[in-house]
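Trainee: One file: protein15.cif (mmCIF, C-alpha atoms).
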```
data_work
#
loop_
_atom_site.label_atom_id
_atom_site.label_comp_id
_atom_site.auth_asym_id
_atom_site.auth_seq_id
_atom_site.Cartn_x
_atom_site.Cartn_y
_atom_site.Cartn_z
CA MET O 1 -7.88 -33.30 -10.46
CA ALA O 2 -6.54 -31.15 -13.32
CA ASP O 3 -5.63 -27.55 -12.61
CA VAL O 4 -8.18 -24.90 -13.52
CA THR O 5 -7.28 -23.04 -16.70
CA LYS O 6 -7.80 -19.44 -17.78
CA GLU O 7 -10.03 -20.66 -20.61
CA GLN O 8 -12.30 -22.52 -18.15
CA VAL O 9 -12.57 -19.41 -15.98
CA LEU O 10 -13.54 -17.23 -18.94
CA GLU O 11 -16.08 -19.80 -20.11
CA THR O 12 -17.67 -19.84 -16.66
CA LEU O 13 -17.75 -16.04 -16.54
CA LYS O 14 -19.86 -16.03 -19.69
CA THR O 15 -22.78 -16.96 -17.42
CA VAL O 16 -22.54 -13.54 -15.70
CA ARG O 17 -24.61 -10.82 -17.36
CA GLY O 18 -23.15 -7.38 -17.92
CA PRO O 19 -24.79 -4.06 -17.00
CA ASP O 20 -26.93 -4.09 -20.16
CA LEU O 21 -28.47 -7.44 -19.06
CA GLU O 22 -28.20 -8.68 -22.66
CA HIS O 23 -24.53 -9.62 -23.03
CA ASP O 24 -22.12 -11.38 -20.67
CA ILE O 25 -19.11 -9.65 -19.08
CA VAL O 26 -16.63 -11.59 -21.23
CA GLU O 27 -18.40 -10.64 -24.45
CA LEU O 28 -18.43 -7.01 -23.34
CA GLY O 29 -14.67 -7.11 -22.78
CA MET O 30 -14.98 -6.22 -19.10
CA VAL O 31 -12.78 -9.02 -17.68
CA SER O 32 -9.12 -8.18 -17.18
CA ASP O 33 -6.23 -10.64 -17.39
CA VAL O 34 -6.97 -13.78 -15.38
CA PHE O 35 -4.22 -15.01 -13.07
CA ILE O 36 -4.31 -18.42 -11.36
CA SER O 37 -1.96 -19.52 -8.59
CA ASP O 38 -2.28 -22.45 -6.19
CA GLY O 39 -5.93 -22.97 -7.10
CA LYS O 40 -6.81 -19.32 -6.44
CA VAL O 41 -8.20 -17.19 -9.25
CA TYR O 42 -7.49 -13.46 -9.49
CA PHE O 43 -9.07 -11.04 -11.95
CA SER O 44 -10.79 -7.69 -12.14
CA ILE O 45 -13.84 -6.36 -13.96
CA THR O 46 -13.51 -3.00 -15.68
CA VAL O 47 -16.40 -0.60 -15.05
CA PRO O 48 -16.97 3.17 -15.15
CA ALA O 49 -15.74 4.77 -11.91
CA GLU O 50 -19.10 6.43 -11.21
CA ARG O 51 -20.94 3.08 -11.39
CA ALA O 52 -18.60 1.00 -9.22
CA ARG O 53 -20.89 0.91 -6.18
CA GLU O 54 -23.97 0.19 -8.29
CA LEU O 55 -22.29 -2.75 -10.06
CA GLU O 56 -21.07 -4.48 -6.89
CA PRO O 57 -23.72 -7.27 -7.26
CA MET O 58 -22.21 -8.11 -10.65
CA ARG O 59 -18.78 -8.50 -9.06
CA LEU O 60 -20.23 -10.72 -6.34
CA ALA O 61 -21.94 -12.89 -8.96
CA ALA O 62 -18.68 -13.33 -10.88
CA GLU O 63 -16.81 -14.23 -7.70
CA ARG O 64 -19.49 -16.72 -6.69
CA VAL O 65 -19.55 -18.66 -9.97
CA ILE O 66 -15.76 -18.97 -10.01
CA LYS O 67 -15.60 -20.17 -6.40
CA GLU O 68 -18.12 -22.88 -7.30
CA MET O 69 -15.87 -24.27 -10.04
CA PRO O 70 -14.30 -27.68 -9.29
CA GLY O 71 -10.66 -27.29 -8.35
CA VAL O 72 -10.93 -23.63 -7.34
CA LYS O 73 -9.79 -22.95 -3.77
CA GLY O 74 -10.72 -19.29 -3.76
CA ALA O 75 -11.31 -16.22 -5.90
CA LEU O 76 -10.32 -12.58 -5.49
CA VAL O 77 -12.35 -10.34 -7.79
CA THR O 78 -12.40 -6.56 -7.80
CA LEU O 79 -13.83 -3.75 -9.88
CA THR O 80 -11.36 -1.59 -11.78
CA ALA O 81 -12.35 1.94 -12.81
CA ASP O 82 -11.71 2.86 -16.44
CA LYS O 83 -13.30 5.66 -18.42
CA LYS O 84 -13.22 3.49 -21.55
CA ALA O 85 -15.64 1.06 -19.91
CA ALA O 86 -18.46 3.57 -20.24
CA ALA O 87 -19.23 2.19 -23.68
CA ALA O 88 -19.72 -1.31 -22.28
CA ALA O 89 -21.78 -0.16 -19.32
CA PRO O 90 -24.50 2.39 -20.21
CA ALA O 91 -24.76 5.28 -17.81
CA ALA O 92 -27.27 5.16 -15.00
CA ARG O 93 -27.97 7.23 -11.92
CA PRO O 94 -25.22 6.57 -9.33
CA ALA O 95 -26.19 4.97 -6.06
CA PRO O 96 -26.27 7.31 -3.05
CA ASN O 97 -23.15 7.60 -0.92
CA PRO O 98 -23.05 5.51 2.25
CA PRO O 99 -23.12 7.20 5.66
CA HIS O 100 -19.88 8.81 6.76
CA GLY O 101 -19.65 6.70 9.92
CA HIS O 102 -17.45 8.52 12.43
CA ALA O 103 -17.63 11.94 10.79
CA GLY O 104 -17.88 14.69 13.37
CA HIS O 105 -16.50 12.66 16.28
CA ASP O 106 -13.18 13.42 17.94
CA HIS O 107 -10.92 10.36 18.09
CA SER O 108 -7.73 12.25 18.85
CA HIS O 109 -7.13 10.34 22.13
CA ASP O 110 -8.05 6.91 23.37
CA HIS O 111 -9.01 5.86 26.88
CA GLN O 112 -5.32 5.41 27.78
CA GLY O 113 -4.45 8.94 26.72
CA HIS O 114 -2.52 7.91 23.59
CA ALA O 115 -2.65 10.40 20.74
CA HIS O 116 -4.33 8.95 17.67
CA ALA O 117 -5.00 10.31 14.22
CA PRO O 118 -8.49 11.55 13.43
CA GLN O 119 -10.46 9.16 11.25
CA GLN O 120 -10.32 9.95 7.55
CA GLN O 121 -13.66 11.20 6.36
CA THR O 122 -15.18 10.89 2.92
CA PRO O 123 -15.00 14.45 1.57
CA ARG O 124 -17.37 16.06 -0.86
CA THR O 125 -15.12 14.98 -3.74
CA GLY O 126 -16.20 11.36 -3.26
CA LYS O 127 -12.74 10.06 -2.31
CA ILE O 128 -13.08 6.65 -0.69
CA GLY O 129 -11.33 6.29 2.66
CA VAL O 130 -10.69 3.07 4.55
CA PRO O 131 -12.90 2.61 7.64
CA GLY O 132 -10.95 2.42 10.88
CA ILE O 133 -7.68 3.81 9.49
CA GLY O 134 -6.72 7.27 10.67
CA ALA O 135 -3.97 8.07 8.15
CA ILE O 136 -2.32 6.27 5.23
CA ILE O 137 1.26 7.23 4.41
CA ALA O 138 3.44 6.05 1.53
CA VAL O 139 7.14 5.25 1.78
CA ALA O 140 8.58 5.69 -1.70
CA SER O 141 11.80 6.04 -3.66
CA GLY O 142 12.60 7.14 -7.17
CA LYS O 143 14.68 4.00 -7.77
CA GLY O 144 15.33 0.60 -6.27
CA GLY O 145 18.25 -0.37 -4.05
CA VAL O 146 18.08 2.53 -1.59
CA GLY O 147 16.67 0.53 1.33
CA LYS O 148 13.10 1.74 0.99
CA SER O 149 11.41 -1.41 2.33
CA THR O 150 13.80 -1.66 5.29
CA THR O 151 13.06 1.98 6.05
CA ALA O 152 9.30 1.38 5.72
CA VAL O 153 9.23 -1.54 8.13
CA ASN O 154 11.43 0.19 10.73
CA LEU O 155 9.39 3.39 10.39
CA ALA O 156 6.22 1.37 11.02
CA LEU O 157 7.82 -0.26 14.06
CA GLY O 158 9.01 3.17 15.22
CA LEU O 159 5.46 4.52 15.06
CA LEU O 160 4.32 1.43 16.98
CA ALA O 161 7.02 1.96 19.62
CA ASN O 162 5.79 5.54 19.99
CA GLY O 163 2.40 4.23 21.13
CA LEU O 164 0.40 4.16 17.89
CA ARG O 165 -1.67 1.39 16.30
CA VAL O 166 0.08 0.55 13.06
CA GLY O 167 -0.26 -1.65 9.98
CA ILE O 168 1.90 -2.01 6.88
CA LEU O 169 0.80 -2.76 3.32
CA ASP O 170 3.37 -4.17 0.91
CA ALA O 171 2.35 -2.54 -2.39
CA ASP O 172 5.16 -4.13 -4.42
CA ILE O 173 3.25 -6.76 -6.40
CA TYR O 174 6.25 -7.94 -8.43
CA GLY O 175 8.77 -8.09 -5.58
CA PRO O 176 7.00 -8.29 -2.20
CA SER O 177 9.47 -8.11 0.68
CA MET O 178 7.41 -7.87 3.89
CA PRO O 179 7.08 -11.65 4.43
CA ARG O 180 10.88 -11.90 4.60
CA LEU O 181 11.52 -8.61 6.42
CA LEU O 182 8.99 -9.47 9.13
CA LYS O 183 9.64 -13.22 9.17
CA ILE O 184 6.04 -14.17 8.38
CA SER O 185 5.02 -17.26 6.46
CA GLY O 186 1.77 -19.03 5.64
CA ARG O 187 -1.51 -17.90 4.12
CA PRO O 188 -3.95 -15.40 5.63
CA THR O 189 -7.41 -16.60 6.63
CA GLN O 190 -10.61 -15.15 5.24
CA ILE O 191 -13.87 -14.00 6.82
CA ASP O 192 -16.94 -15.32 4.98
CA GLY O 193 -14.68 -16.25 2.07
CA ARG O 194 -14.01 -12.61 1.19
CA ILE O 195 -12.48 -10.25 3.76
CA ILE O 196 -8.85 -11.17 4.47
CA ASN O 197 -7.40 -11.22 7.97
CA PRO O 198 -3.99 -9.50 7.95
CA MET O 199 -0.92 -11.38 9.10
CA GLU O 200 0.88 -10.06 12.19
CA ASN O 201 4.30 -9.96 13.82
CA TYR O 202 6.02 -7.62 16.29
CA GLY O 203 2.63 -6.01 16.88
CA LEU O 204 2.29 -4.89 13.24
CA LYS O 205 -0.65 -5.91 11.07
CA VAL O 206 0.71 -6.81 7.63
CA MET O 207 -0.66 -7.53 4.16
CA SER O 208 1.40 -8.50 1.12
CA MET O 209 0.94 -10.29 -2.19
CA GLY O 210 3.75 -12.49 -0.89
CA PHE O 211 1.21 -14.13 1.44
CA LEU O 212 -1.16 -14.95 -1.43
CA VAL O 213 1.23 -16.13 -4.16
CA ASP O 214 4.22 -18.46 -3.90
CA GLU O 215 7.57 -16.68 -3.74
CA GLU O 216 8.78 -18.37 -6.94
CA THR O 217 5.68 -17.38 -8.94
CA ALA O 218 6.46 -14.95 -11.76
CA MET O 219 3.94 -12.11 -11.72
CA ILE O 220 3.14 -10.98 -15.27
CA TRP O 221 0.14 -8.79 -14.58
CA ARG O 222 -0.62 -5.67 -16.57
CA GLY O 223 -1.59 -2.35 -14.99
CA PRO O 224 -5.32 -2.98 -14.35
CA MET O 225 -4.63 -6.25 -12.50
CA VAL O 226 -1.94 -4.63 -10.34
CA GLN O 227 -4.31 -1.79 -9.51
CA SER O 228 -7.08 -4.23 -8.67
CA ALA O 229 -4.89 -6.35 -6.39
CA LEU O 230 -3.54 -3.30 -4.53
CA LEU O 231 -6.97 -1.81 -3.90
CA GLN O 232 -8.25 -5.17 -2.72
CA MET O 233 -5.38 -5.60 -0.27
CA LEU O 234 -6.15 -2.12 1.01
CA ARG O 235 -9.95 -2.15 1.22
CA GLU O 236 -10.81 -5.83 1.71
CA VAL O 237 -8.54 -6.56 4.67
CA ALA O 238 -9.77 -6.58 8.28
CA TRP O 239 -7.29 -3.94 9.46
CA GLY O 240 -9.38 -3.02 12.48
CA GLU O 241 -8.69 0.33 14.14
CA LEU O 242 -5.32 1.77 13.08
CA ASP O 243 -3.80 5.19 13.64
CA VAL O 244 -1.42 4.78 10.72
CA LEU O 245 -1.15 2.42 7.76
CA VAL O 246 2.31 2.52 6.17
CA VAL O 247 2.34 1.62 2.47
CA ASP O 248 5.65 0.30 1.15
CA MET O 249 5.40 1.56 -2.43
CA PRO O 250 7.04 -0.16 -5.40
CA PRO O 251 10.35 1.53 -6.34
CA GLY O 252 10.35 4.05 -9.15
CA THR O 253 7.71 6.35 -10.59
CA GLY O 254 5.97 4.25 -13.24
CA ASP O 255 2.31 3.65 -14.00
CA ALA O 256 1.71 1.36 -11.01
CA GLN O 257 3.15 3.91 -8.59
CA LEU O 258 1.20 6.79 -10.09
CA THR O 259 -2.02 4.79 -10.01
CA MET O 260 -1.44 3.94 -6.35
CA ALA O 261 -0.75 7.58 -5.52
CA GLN O 262 -3.91 8.68 -7.34
CA GLN O 263 -6.35 6.11 -6.02
CA VAL O 264 -5.31 5.63 -2.40
CA PRO O 265 -6.32 8.41 0.05
CA LEU O 266 -2.74 9.15 1.13
CA ALA O 267 -2.21 11.61 3.98
CA GLY O 268 1.40 12.05 2.89
CA ALA O 269 4.55 10.46 1.53
CA VAL O 270 8.05 9.81 2.87
CA ILE O 271 10.82 9.78 0.25
CA VAL O 272 13.86 7.55 0.82
CA SER O 273 17.16 8.40 -0.85
CA THR O 274 20.90 7.87 -0.46
CA PRO O 275 23.45 10.71 -0.40
CA GLN O 276 24.53 10.05 -3.98
CA ASP O 277 23.67 12.63 -6.64
CA LEU O 278 22.13 9.99 -8.92
CA ALA O 279 19.82 8.74 -6.16
CA LEU O 280 18.83 12.33 -5.37
CA ILE O 281 17.89 12.92 -9.00
CA ASP O 282 15.61 9.89 -8.79
CA ALA O 283 14.25 11.08 -5.45
CA ARG O 284 13.18 14.33 -7.11
CA LYS O 285 11.11 12.28 -9.56
CA GLY O 286 9.28 10.70 -6.64
CA LEU O 287 8.70 14.10 -5.05
CA ASN O 288 7.30 15.51 -8.27
CA MET O 289 4.99 12.53 -8.74
CA PHE O 290 3.34 13.06 -5.36
CA ARG O 291 3.08 16.79 -5.90
CA LYS O 292 1.29 16.25 -9.20
CA VAL O 293 -1.41 14.22 -7.44
CA GLU O 294 -1.55 16.68 -4.50
CA VAL O 295 -0.18 14.29 -1.89
CA PRO O 296 1.82 16.15 0.81
CA VAL O 297 5.49 15.17 1.08
CA LEU O 298 6.15 14.54 4.77
CA GLY O 299 9.91 14.60 4.29
CA ILE O 300 13.08 12.91 3.06
CA VAL O 301 15.06 10.16 4.79
CA GLU O 302 18.74 9.83 3.87
CA ASN O 303 19.46 6.10 4.05
CA MET O 304 22.98 4.59 4.02
CA SER O 305 24.01 8.09 5.10
CA TYR O 306 27.37 7.03 6.54
CA PHE O 307 29.23 3.88 7.56
CA ILE O 308 30.39 3.13 11.10
CA ALA O 309 33.24 0.61 11.29
CA PRO O 310 32.14 -2.16 13.66
CA ASP O 311 35.65 -2.66 15.07
CA THR O 312 36.73 0.95 15.67
CA GLY O 313 33.48 2.91 15.59
CA THR O 314 35.04 5.27 13.05
CA ARG O 315 32.59 7.03 10.76
CA TYR O 316 33.14 6.97 7.00
CA ASP O 317 31.05 8.98 4.52
CA ILE O 318 31.53 6.41 1.76
CA PHE O 319 28.59 7.67 -0.34
CA GLY O 320 29.17 11.33 0.37
CA HIS O 321 27.10 13.02 3.06
CA GLY O 322 24.33 15.52 3.50
CA GLY O 323 22.99 15.38 -0.05
CA ALA O 324 19.44 14.56 0.97
CA ARG O 325 19.43 17.22 3.71
CA LYS O 326 20.57 19.88 1.23
CA GLU O 327 17.98 18.73 -1.30
CA ALA O 328 15.23 18.87 1.32
CA GLU O 329 16.25 22.42 2.25
CA ARG O 330 16.43 23.44 -1.40
CA ILE O 331 12.91 22.31 -2.25
CA GLY O 332 11.38 23.20 1.10
CA VAL O 333 10.38 19.82 2.55
CA PRO O 334 11.28 18.48 6.01
CA PHE O 335 14.47 16.46 6.44
CA LEU O 336 13.48 13.50 8.62
CA GLY O 337 16.86 12.00 9.48
CA GLU O 338 20.02 10.14 8.54
CA VAL O 339 20.18 6.35 8.85
CA PRO O 340 23.70 4.89 8.87
CA LEU O 341 24.85 1.87 6.90
CA THR O 342 25.58 -0.85 9.45
CA MET O 343 26.02 -4.60 9.33
CA ASN O 344 23.19 -4.96 11.85
CA ILE O 345 20.63 -3.38 9.53
CA ARG O 346 21.50 -5.79 6.72
CA GLU O 347 21.68 -8.85 8.96
CA THR O 348 18.44 -8.14 10.83
CA SER O 349 16.62 -7.36 7.59
CA ASP O 350 17.72 -10.67 6.07
CA ALA O 351 16.77 -12.51 9.25
CA GLY O 352 13.33 -10.91 9.53
CA THR O 353 14.15 -9.25 12.85
CA PRO O 354 14.08 -5.48 12.16
CA LEU O 355 16.32 -3.39 14.38
CA VAL O 356 13.55 -1.37 16.02
CA ALA O 357 12.05 -4.65 17.27
CA SER O 358 15.21 -6.70 17.90
CA GLU O 359 17.43 -3.93 19.36
CA PRO O 360 14.93 -1.34 20.61
CA ASN O 361 17.49 0.45 22.78
CA GLY O 362 20.15 0.65 20.08
CA ILE O 363 21.36 3.82 18.36
CA VAL O 364 19.81 2.98 14.98
CA ALA O 365 16.46 2.06 16.54
CA GLY O 366 16.50 5.47 18.22
CA ILE O 367 17.08 7.12 14.84
CA TYR O 368 14.08 5.33 13.34
CA ARG O 369 11.90 6.27 16.32
CA GLY O 370 12.99 9.88 15.86
CA ILE O 371 12.00 9.74 12.19
CA ALA O 372 8.66 8.23 13.21
CA THR O 373 8.11 11.10 15.67
CA LYS O 374 8.76 13.70 12.95
CA VAL O 375 6.41 11.91 10.55
CA TRP O 376 3.67 11.84 13.18
CA GLU O 377 4.19 15.54 13.90
CA GLN O 378 3.76 16.24 10.17
CA LEU O 379 0.51 14.25 10.12
CA ALA O 380 -0.80 15.96 13.25
CA GLY O 381 0.05 19.36 11.78
CA GLN O 382 -2.05 18.75 8.68
CA SER O 383 -4.94 16.86 10.30
CA GLN O 384 -7.23 19.83 9.84
CA ARG O 385 -6.36 20.34 6.18
CA PRO O 386 -8.77 19.04 3.53
CA ALA O 387 -7.77 15.69 2.07
CA PRO O 388 -6.37 15.65 -1.48
CA THR O 389 -8.77 14.88 -4.30
CA ILE O 390 -8.31 11.37 -5.63
CA VAL O 391 -9.23 10.99 -9.30
CA PHE O 392 -10.06 7.56 -10.67
CA GLU O 393 -8.52 7.29 -14.12
#
```
Transcribe the structure of this file into structure tokens.
Mentor:
Amino acid sequence: MADVTKEQVLETLKTVRGPDLEHDIVELGMVSDVFISDGKVYFSITVPAERARELEPMRLAAERVIKEMPGVKGALVTLTADKKAAAAAPAARPAPNPPHGHAGHDHSHDHQGHAHAPQQQTPRTGKIGVPGIGAIIAVASGKGGVGKSTTAVNLALGLLANGLRVGILDADIYGPSMPRLLKISGRPTQIDGRIINPMENYGLKVMSMGFLVDEETAMIWRGPMVQSALLQMLREVAWGELDVLVVDMPPGTGDAQLTMAQQVPLAGAVIVSTPQDLALIDARKGLNMFRKVEVPVLGIVENMSYFIAPDTGTRYDIFGHGGARKEAERIGVPFLGEVPLTMNIRETSDAGTPLVASEPNGIVAGIYRGIATKVWEQLAGQSQRPAPTIVFE
């Protein structure tokens, strides 16, 4: 059977009526770029932010007709908010907000006495939380190559080792690394053809575009498709009850990163840097990005802080030392810790056996657990503060 084409998908979508009930969603220009991989079809439908809940049946209809196409193995369709879409979708009275669920209940401890984060509540601003997840934190860097993803996965495992329920979301669409770092392969299963079951290893629940698209596939999505995929991996995954969801952000401070910071209800961000001045300059960009969208900065981690010779144990500050600590003090954010550059970190990362899991009693694992403790203390300290306003652009 011939592979499904983008043209066939768009032709099929012409059977789905738009909000005006007179024109189809393709004619109205509401369909984003269509991406097809391994028989699965990915696209988003652009709608006004205030009408997203009301137009959910339209999204379901589009997903249904594509899934019924011969040769289609599955379809992932989401709504993307865009102010420009208001012209295509005439304004109507928004649907009422759903119940707040656990609002007003204290979930600070479970039956075993473990401390857990209070459930995020939907504030008056209309920010959409993720049911079951206590806090979402971002691990970010102003540039690539500073060990951000390795830090993210070991931080997540450190939180887990400290007795918390933890998941990790790989938000790097173009270069997903969690499948390799956590030694996970295969495709996730789906519930009722829609909700995705996260993958799991070392006790962590994990979601990544790397599980949905072949590693060799070149991702050429534009901003709206990236945004759509990220929000779907966040909100349409069966995470269950988690105290913390760690989001491994894409490196840098471009449009995709800013969109993620604006539209995900982040409780805070961890910035990863190296001691070098250039990396610190880039780290400041990341700090400023989160401050602009009113996301608290939980602190800075200095990665590759120093090198310990495996044969003699001698310490060498090959990239300088203390730059990130000084920067943290200068701008008034917590300094979370120094992670050395060791052969074990590189080897275990490449092998998919992170140090906190493979050598839990080692020195470096202890450093990561210490960082995790400081991050948790930051989250606990701000649990009573109002959540930042998330603006859909």
Trainee: Run the PyMOL selection byres ((chain O and resi 182) around 7) mentally over the shown coordinates, then write out the matched residues as a PyMOL selection string, using the chain letters and numbers from the document.
Mentor: chain O and resi 178-181+183-184+201+352-353
Trainee: Determine, counting all atoms listed in the file, which protein, DNA and RNA residues have an atom within 8 Å of an atom of Met249 in chain O; residues of the same chain fewer than 2 positions away are not included. Present the result as a list in words.
Mentor: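 Near Met249 in chain O, the qualifying residues are Ala138, Val139, Ala140, Ser141, Asp170, Ala171, Asp172, Val247, Pro251 and Gln257 of chain O.
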Trainee: Contacts of Val31 in chain O at 8 Å or less, counting only C-alpha atoms, minus same-chain residues fewer than 5 places along, as a list in words?
Mentor: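 In the requested form, the answer reads Ile25, Val26, Phe43, Ser44, Ile45 and Thr46 of chain O.
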Trainee: Set the distance at 7 Å and use only C-alpha atoms: which residues neighbour range 231-237 of chain O once local chain neighbours fewer than 5 positions away are removed? I'd like the list as a count of residues only.
Mentor: 7
Trainee: Pick from O:Leu160, O:Leu379, O:Ile136, O:Gly144: nearest to Gly286 in chain O, with all atoms listed in the file counted?
Mentor: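 With all atoms listed in the file as the atom set, the closest residue is O:Gly144.
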Trainee: Can you pull out the residues contacting Ile371 in chain O? Cut-off 10 Å, using all atoms listed in the file, and skip same-chain residues under 6 positions away; I want them as an NGL selection string.
Mentor: :O and (151 or 154-155 or 158-159 or 299-301 or 335-339 or 365 or 377)
Trainee: Check the smallest atom-to-atom distance from each of O:Ala328, O:Leu10, O:Lys285, O:Pro340 to Ser305 in chain O using only C-alpha atoms, then report the winner.
Mentor: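 With only C-alpha atoms as the atom set, the closest residue is O:Pro340.
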Trainee: Which residues match the PyMOL selection byres ((chain O and resi 188) around 8) in the file above, as an mmCIF file with C-alpha atoms, keeping the file's coordinate frame?
Mentor:
```cif
data_model
loop_
_atom_site.group_PDB
_atom_site.id
_atom_site.type_symbol
_atom_site.label_atom_id
_atom_site.label_comp_id
_atom_site.auth_asym_id
_atom_site.auth_seq_id
_atom_site.Cartn_x
_atom_site.Cartn_y
_atom_site.Cartn_z
ATOM 1 C CA GLY O 186 1.770 -19.030 5.640
ATOM 2 C CA ARG O 187 -1.510 -17.900 4.120
ATOM 3 C CA THR O 189 -7.410 -16.600 6.630
ATOM 4 C CA GLN O 190 -10.610 -15.150 5.240
ATOM 5 C CA ILE O 196 -8.850 -11.170 4.470
ATOM 6 C CA ASN O 197 -7.400 -11.220 7.970
ATOM 7 C CA PRO O 198 -3.990 -9.500 7.950
ATOM 8 C CA MET O 199 -0.920 -11.380 9.100
ATOM 9 C CA PHE O 211 1.210 -14.130 1.440
ATOM 10 C CA LEU O 212 -1.160 -14.950 -1.430
#
```
Trainee: Within 12 Å of (3.4, 1.4, 9.9), in the coordinates the file gives, what residues turn up when you count only C-alpha atoms, written out as number ranges by chain?
Mentor: O: 133-139, 149-170, 178, 200, 202-207, 239, 242-248, 270, 368-369, 372, 375-376
Trainee: For Glu327 in chain O, which residue out of O:Leu60, O:Leu298, O:Ile345, O:Ile281 is the nearest one, using only C-alpha atoms?
Mentor: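 Checking each of O:Leu60, O:Leu298, O:Ile345, O:Ile281 against Glu327 in chain O, counting only C-alpha atoms, the winner is O:Ile281.
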